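Structure first, commentary second.
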Amino acid sequence: MIMTSSKKDIERDVSIRPKEFNLRGRNYFFSGHVPAHSRQKLDWLDARNVCREYCMDLVSMETQEENNMIFRLIQSQNVPYIWTSGRLCDFKGCENRRDLEPKSLYGWFWSANREKMAPTNQLPAGWGFNPWSQTGHKKLRQPDNAEFDINGTNESCLAVLNNVYEDGIAWHDVACYHEKPFVCEDSDELLNYVASTNRGIRL
Ligand SMILES: [Ca+2]
């Protein structure tokens with residue numbers, strides 16, 4: 001789409017991307033607060049693609065500060081759950097990566113920037129708590145890949161759930177086909193690409 005649009009189209013599309021709130025220079029929006037998406041619940045990949053049309057991506061919470069911001073949004077707006085860009089590296093290209101084993105501990109990354117997450121059973125560096133829930137469908141700490149036991153589908157995507165298991169707001173591995181609202185965050189990669197190919201563009 002970007003390749004065939006005129007510069008004016010790109011300028012309009014990208015500069016009017018929803019900017020609901022921001023942190024350290026990056027813009028974010030919650031789909032439920034944007035008229036064009038307010039009723040949308042999408043599977044993980046479709047949600048990601050909506051974000052990318054705005055030169056954004058699903059949100060990645062690399063820091064506790066950023067995570068707190070997302071948790072506050074979920075709490076204050078009573079959001080039941082959202083998709084993030086978190087993904088388990090269990091697809092083609094992830095085989096033969098001994099550094100990712102066992103996957104449930106070492107296999108998670110932020111797909112927006114391909115940054116690896118801390119091992120799921122450890123405090124992420126600089127954090128005061130582990131954001132993964134201590135419980136879930138099987139009453140086990142997350143990630144638990146619980147749906148695999150039910151219908152053979154892996155729980156390969158990271159959702160933040162709001163007290164679904166009486167566990168407060170916490171991270172859960174969830175099967176990617178489930179349809180949820182989502183939070184988008186500016187993508188440095190996509191914005192830099194647009195900037196580098198459209199001199200003088202205002203983003
Ligand atoms: Ca789970």
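Residue numbers start at 1 in each chain; chains themselves are named A, B, ... in the order of the structure tokens; ligands are numbered from 1 in the order shown.
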- Message: Using only C-alpha atoms, which protein or nucleic acid residues come within 12 Å of Arg24 of chain A? Drop anything in the same chain fewer than 3 positions from it, and give the result as JSON, numbers by chain.
- Response: {"A": [21, 27, 28, 63, 65, 66, 69, 185, 186]}
Only C-alpha atoms, please: the residues just picked out, written as a short mmCIF file (atom, residue, chain, number, x, y, z; two decimals), in the first residue's frame.
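See selection01.cif below for the written result:
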data_model
loop_
_atom_site.label_atom_id
_atom_site.label_comp_id
_atom_site.auth_asym_id
_atom_site.auth_seq_id
_atom_site.Cartn_x
_atom_site.Cartn_y
_atom_site.Cartn_z
CA PHE A 21 -1.31 8.81 24.72
CA ASN A 27 2.46 7.32 20.47
CA TYR A 28 -0.03 4.66 21.48
CA THR A 63 10.06 -1.72 30.73
CA GLU A 65 7.26 1.99 33.23
CA GLU A 66 5.63 1.11 29.94
CA MET A 69 1.09 2.62 31.69
CA GLU A 185 2.47 1.59 19.61
CA ASP A 186 4.57 3.63 17.17
#
Would you mind listing, for every residue of chain A within 8 Å of ligand 1, the two atoms forming the shortest contact and the distance between them in Å to one decimal, using only C-alpha atoms and all ligand atoms, sorted by chain and ascending residue number, as a Markdown table?
| residue | atom | partner | partner_atom_place_in_ligand_line | distance |
| --- | --- | --- | --- | --- |
| A:Gly136 | CA | ligand 1 | 1 (Ca) | 6.0 |
| A:His137 | CA | ligand 1 | 1 (Ca) | 6.8 |
| A:Gln142 | CA | ligand 1 | 1 (Ca) | 5.6 |
| A:Pro143 | CA | ligand 1 | 1 (Ca) | 5.1 |
| A:Asp144 | CA | ligand 1 | 1 (Ca) | 4.8 |
| A:Asn145 | CA | ligand 1 | 1 (Ca) | 5.0 |
| A:Ala146 | CA | ligand 1 | 1 (Ca) | 5.3 |
| A:Glu147 | CA | ligand 1 | 1 (Ca) | 7.2 |
| A:Glu155 | CA | ligand 1 | 1 (Ca) | 6.3 |
| A:His172 | CA | ligand 1 | 1 (Ca) | 5.0 |
| A:Asp173 | CA | ligand 1 | 1 (Ca) | 4.1 |
| A:Val174 | CA | ligand 1 | 1 (Ca) | 5.1 |
- Which residue of A:Ala125, A:Gly107, A:Ala36, A:Phe30 approaches Gln64 of chain A most closely, using only C-alpha atoms: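 For Gln64 of chain A, the nearest of the given residues is A:Ala125.
Distance annotation: of A:Trp127, A:Tyr177, A:Trp132, A:Tyr54, the residue with the minimal separation from Trp108 of chain A is A:Trp132; atom set is only C-alpha atoms.
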- Message: Using only C-alpha atoms for the distances, tell me which of A:Leu190, A:Leu140, A:Leu88, A:Met56 is nearest to Tyr165 of chain A.
- Response: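 Among the listed residues, the smallest separation from Tyr165 of chain A belongs to A:Leu140.
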- Task: Would you list, as a VMD selection string, the residues of segment 9-180 of chain A that end up in alpha helix (DSSP H) under DSSP run on this structure's backbone?
- Result: chain A and resid 9 to 15 44 to 53 64 to 76 103 to 106 146 to 151
Selection to disk with C-alpha atoms, as a PDB file, in the first residue's frame:
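Ended up saving to result15.pdb:
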ATOM      1  CA  ASP A   9      -1.560   9.863   0.808  1.00  0.00           C
ATOM      2  CA  ILE A  10       1.235   8.596   2.983  1.00  0.00           C
ATOM      3  CA  GLU A  11       1.514  11.907   4.740  1.00  0.00           C
ATOM      4  CA  ARG A  12      -2.170  11.834   5.542  1.00  0.00           C
ATOM      5  CA  ASP A  13      -2.274   8.158   6.556  1.00  0.00           C
ATOM      6  CA  VAL A  14       0.711   8.280   8.833  1.00  0.00           C
ATOM      7  CA  SER A  15       0.373  11.711  10.361  1.00  0.00           C
ATOM      8  CA  TRP A  44      -3.566 -11.497  16.984  1.00  0.00           C
ATOM      9  CA  LEU A  45      -2.326 -11.248  13.390  1.00  0.00           C
ATOM     10  CA  ASP A  46      -5.235  -9.128  12.161  1.00  0.00           C
ATOM     11  CA  ALA A  47      -4.772  -6.794  15.134  1.00  0.00           C
ATOM     12  CA  ARG A  48      -1.088  -6.515  14.347  1.00  0.00           C
ATOM     13  CA  ASN A  49      -1.863  -5.685  10.735  1.00  0.00           C
ATOM     14  CA  VAL A  50      -4.246  -2.888  11.742  1.00  0.00           C
ATOM     15  CA  CYS A  51      -1.452  -1.334  13.805  1.00  0.00           C
ATOM     16  CA  ARG A  52       1.022  -1.667  10.952  1.00  0.00           C
ATOM     17  CA  GLU A  53      -1.239   0.222   8.575  1.00  0.00           C
ATOM     18  CA  GLN A  64       8.039  -1.660  33.899  1.00  0.00           C
ATOM     19  CA  GLU A  65       7.255   1.993  33.229  1.00  0.00           C
ATOM     20  CA  GLU A  66       5.635   1.113  29.937  1.00  0.00           C
ATOM     21  CA  ASN A  67       3.920  -1.922  31.424  1.00  0.00           C
ATOM     22  CA  ASN A  68       2.525   0.232  34.254  1.00  0.00           C
ATOM     23  CA  MET A  69       1.089   2.624  31.691  1.00  0.00           C
ATOM     24  CA  ILE A  70      -0.717  -0.229  29.920  1.00  0.00           C
ATOM     25  CA  PHE A  71      -1.911  -1.789  33.180  1.00  0.00           C
ATOM     26  CA  ARG A  72      -3.255   1.630  34.296  1.00  0.00           C
ATOM     27  CA  LEU A  73      -5.149   1.979  31.015  1.00  0.00           C
ATOM     28  CA  ILE A  74      -6.685  -1.473  31.468  1.00  0.00           C
ATOM     29  CA  GLN A  75      -7.590  -0.792  35.074  1.00  0.00           C
ATOM     30  CA  SER A  76      -8.950   2.740  34.666  1.00  0.00           C
ATOM     31  CA  LYS A 103      10.424 -22.503  24.992  1.00  0.00           C
ATOM     32  CA  SER A 104       8.088 -21.878  27.924  1.00  0.00           C
ATOM     33  CA  LEU A 105      10.937 -20.109  29.737  1.00  0.00           C
ATOM     34  CA  TYR A 106      13.234 -18.720  27.010  1.00  0.00           C
ATOM     35  CA  ALA A 146      -3.295 -24.645  28.605  1.00  0.00           C
ATOM     36  CA  GLU A 147      -5.358 -24.692  25.410  1.00  0.00           C
ATOM     37  CA  PHE A 148      -3.060 -27.286  23.882  1.00  0.00           C
ATOM     38  CA  ASP A 149      -4.469 -29.852  26.301  1.00  0.00           C
ATOM     39  CA  ILE A 150      -8.020 -28.901  25.299  1.00  0.00           C
ATOM     40  CA  ASN A 151      -7.896 -28.764  21.489  1.00  0.00           C
TER      41      ASN A 151
END
